[in-house]
Amino acid sequence: MRPALPVPPPTEPTPPIWEQVLAGLVVVMLTQALIGPVFAPTQEETPILRLVWLPVYAVIAGLILYRLPAMIRAWPVWIMLGVLVLHAFASKWWSIDPEVTQRRVIAMAISSAFAVYLGVAFRGAHLPRLLMLCGLAMGLGSLVMVAVNPTIGIHQAENAGLWRGLWYEKNQMGLVMSAAAVAAAACLASGDPRRLLPAITLVVATALVLATQSKTSLLCLILGTGAIGGLWAMQRGGAAFSIVALWFGVVISAVAGYVFITDPETVLVALGKDPSLTGRTDIWAALMRDVAERPWTGFGYSAYWGEDSVPAEFIRLETQWPVPSAHNGWIDLLIQLGWPGAILTGGVVLLALIVTLFRIAGAGAREGYWGVGYLAVFLLLSLSESVLLSHANLPWTLLLAILARALAAEPDPVRAPLARPVRGAYQTAPRIAAHSGHARLRRPVPVR
């Protein structure tokens, strides 16, 4: 008897090329690559920059309408986003800059809707592959910018000699390239036979992260790709290897956490950081005093760091440098929306982590464990950058996309067709019939 043919794994339908191109353009815009240094070289919000975003919003609306049935299936995510958006919008009534709050809440709502679209339209390995292709394009563009126009591609004054590519500063390029490296690693682990472009992307992204000398970006790259590589190895190594690897991972994490909690200065010095994290601890201490003044309301969504903000001016005078943000996502959220906003956002992040972990064995394996790898990067990033509940920010968009793809009702997966039997071959499964109180085998019947 011949063995039964294996059942092919389910695959997600590939979005059409035009849709991938439009979605990729929006992803690039959310990274603020090139457009920021060109239209707003001083990092200030200008009328031209607002006009540039109008056609992007039109593209987002068109993509959402094209996938409207799938968007409706993601109704649990819409409810959570509605709560967050309404709370941020309500903050304009006590905001220190109501106009900015209202305008940026609208932008946040639109980018959040695009995040849901990404989650439901690009399922399985299609989303990390889209991110990988966008990252490769921006990485190659950064190399061209460094070679052709080094005054933009390389820092000239502060951080002189360090690469920044298509962005305002080196940390932006480092974080985008670390996300591209994680997406490339997921494409390699997903089983997709197309491995050349992911390998090239991983090399280019790693080289650019090293060129920025951003230790946070390098740590994100190592953490994200390491998580994907570890899960891939556990899948291929069997149950015994998985148990041993999980045990070692838990022990190492516990030891590292204990060392960092008991002696953080030693860890930071070993990583090449000063104990004050380049003055960030001074910023955090000053901001927490302002949080104590408005613990339940905050100062209004995206209003605290305006040029005319009096509280922010006191922080800048105290720290003796033009602080642009809190350099900590959670503290920045507290200063904007108070404890209610931080708790609501934290619940969304926690839910995204839980549902992603529950999907590791199924959909997580098909996407190359991208969700787990990216969430590890996002959690680390939220401790050093203002990436939570952002109005135009790729990290927050990708977190919502992960949540949407996990909570949206999935259509029936598509399976590859089985090979048709050869004409004239005999069926291999025996046919059993009852005869005279007992079963007997019939002769094989030729397939006609």
# chains A, B, ... in the order shown; residues from 1 in each chain; ligands from 1
>>> residues_around(residues="region 340-347 of chain A", least_positions_apart="5", cutoff="10 Å", atoms="only C-alpha atoms", output="JSON, numbers by chain")
{"A": [80, 81, 83, 84, 87, 88, 91, 295, 296, 297, 298, 301, 329, 330, 331, 332, 333, 334, 335, 352, 353, 388, 389]}
>>> residues_around(residues="Ala160 (chain A)", least_positions_apart="4", cutoff="12 Å", atoms="only C-alpha atoms", output="list in words")
Pro150, Thr151, Ile152, Gly153, Ile154, His155, Gln156, Arg164, Glu169, Lys170, Ala211, Thr212 and Gln213 of chain A
>>> closest_residue(among="A:Leu337, A:Val182, A:Leu162, A:Met132", to="Leu196 (chain A)", atoms="only C-alpha atoms")
A:Met132
>>> atom_distance(atom1="CA of Cys220 (chain A)", atom2="CA of Ser178 (chain A)")
6.3 Å
>>> closest_residue(among="A:Ala74, A:Tyr117, A:Val148, A:Arg359", to="Gly62 (chain A)", atoms="only C-alpha atoms")
A:Tyr117
>>> closest_residue(among="A:Leu407, A:Ala179, A:Ile35, A:Ile315", to="Thr356 (chain A)", atoms="only C-alpha atoms")
A:Leu407
>>> closest_residue(among="A:Gly229, A:Pro322, A:Gly338, A:Gly161", to="Gly368 (chain A)", atoms="only C-alpha atoms")
A:Gly229
>>> closest_residue(among="A:Ile200, A:Ala361, A:Ala312, A:Val372", to="Leu223 (chain A)", atoms="only C-alpha atoms")
A:Val372
>>> closest_residue(among="A:Met173, A:Ala233, A:Leu383, A:Cys134", to="Pro198 (chain A)", atoms="only C-alpha atoms")
A:Cys134
>>> residues_around(residues="Val52 (chain A)", least_positions_apart="5", cutoff="10 Å", atoms="only C-alpha atoms", output="list in words")
Met29, Ile35, Phe39, Pro47 and Tyr57 of chain A
>>> write_last_selection(atoms="C-alpha atoms", output="PDB file, in the first residue's frame")
ATOM      1  CA  MET A  29       5.714  57.639   4.432  1.00  0.00           C
ATOM      2  CA  ILE A  35      10.075  63.683   2.973  1.00  0.00           C
ATOM      3  CA  PHE A  39      10.007  69.547   3.334  1.00  0.00           C
ATOM      4  CA  PRO A  47       1.814  73.662   5.836  1.00  0.00           C
ATOM      5  CA  TYR A  57      -4.839  59.791   3.365  1.00  0.00           C
TER       6      TYR A  57
END
>>> atom_distance(atom1="CA of Leu118 (chain A)", atom2="CA of Pro15 (chain A)")
10.9 Å
>>> atom_distance(atom1="CA of Ala326 (chain A)", atom2="CA of Trp53 (chain A)")
25.4 Å
>>> residues_around(residues="Thr397 (chain A)", least_positions_apart="4", cutoff="10 Å", atoms="only C-alpha atoms", output="compact mmCIF listing (two decimals) with N, CA and C atoms, in the first residue's frame")
# COMPACT_ATOMS: atom_id res chain seq x y z
N VAL A 27 3.64 52.82 3.93
CA VAL A 27 4.59 52.37 4.95
C VAL A 27 5.84 53.25 4.95
N LEU A 30 5.18 56.57 6.54
CA LEU A 30 5.09 56.51 8.00
C LEU A 30 6.46 56.47 8.67
N MET A 108 -3.87 60.42 13.87
CA MET A 108 -3.69 59.14 14.56
C MET A 108 -4.79 58.16 14.19
N SER A 111 -4.04 56.82 10.59
CA SER A 111 -2.93 55.86 10.56
C SER A 111 -3.30 54.57 11.28
N SER A 112 -4.15 54.65 12.31
CA SER A 112 -4.60 53.45 13.00
C SER A 112 -5.51 52.61 12.09
N ALA A 113 -6.36 53.29 11.30
CA ALA A 113 -7.19 52.57 10.34
C ALA A 113 -6.33 51.86 9.30
N PHE A 114 -5.26 52.50 8.87
CA PHE A 114 -4.33 51.85 7.94
C PHE A 114 -3.67 50.64 8.59
N ALA A 115 -3.41 50.71 9.89
CA ALA A 115 -2.82 49.57 10.59
C ALA A 115 -3.76 48.37 10.55
N VAL A 116 -5.05 48.62 10.78
CA VAL A 116 -6.02 47.52 10.70
C VAL A 116 -6.04 46.94 9.30
N LEU A 118 -3.57 46.85 7.13
CA LEU A 118 -2.39 46.02 6.96
C LEU A 118 -2.57 44.64 7.57
N GLY A 119 -3.18 44.61 8.75
CA GLY A 119 -3.34 43.35 9.44
C GLY A 119 -4.27 42.39 8.73
N VAL A 387 6.94 55.94 21.04
CA VAL A 387 6.32 55.22 19.94
C VAL A 387 4.90 54.77 20.25
N LEU A 388 4.37 55.10 21.43
CA LEU A 388 3.05 54.63 21.83
C LEU A 388 1.97 55.63 21.42
N LEU A 389 0.91 55.12 20.79
CA LEU A 389 -0.24 55.92 20.40
C LEU A 389 0.20 57.14 19.58
N SER A 390 1.07 56.89 18.63
CA SER A 390 1.60 57.99 17.82
C SER A 390 0.67 58.31 16.66
N HIS A 391 0.72 59.56 16.20
CA HIS A 391 -0.16 59.98 15.11
C HIS A 391 0.41 59.67 13.73
N ALA A 392 1.70 59.45 13.61
CA ALA A 392 2.31 59.10 12.32
C ALA A 392 3.62 58.39 12.62
N ASN A 393 3.52 57.12 12.91
CA ASN A 393 4.69 56.40 13.39
C ASN A 393 4.55 54.94 13.00
N ALA A 401 -1.33 46.44 13.60
CA ALA A 401 -1.52 45.45 12.53
C ALA A 401 -1.42 44.03 13.07
N ILE A 402 -0.49 43.80 14.00
CA ILE A 402 -0.37 42.49 14.63
C ILE A 402 -1.64 42.14 15.39
>>> select_by_dssp(residues="region 79-327 of chain A", states="alpha helix (DSSP H)", output="ChimeraX atom specification")
/A:79-90,98-121,126-148,150-153,170-189,196-212,215-262,264-270,280-293,310-319
>>> residues_around(residues="Ile360 (chain A)", least_positions_apart="4", cutoff="9 Å", atoms="only C-alpha atoms", output="ChimeraX atom specification")
/A:231,356,364-366,369,371-372
>>> residues_around(residues="Trp284 (chain A)", least_positions_apart="3", cutoff="9 Å", atoms="only C-alpha atoms", output="VMD selection string")
chain A and resid 280 to 281 287 to 289 326 to 328 331
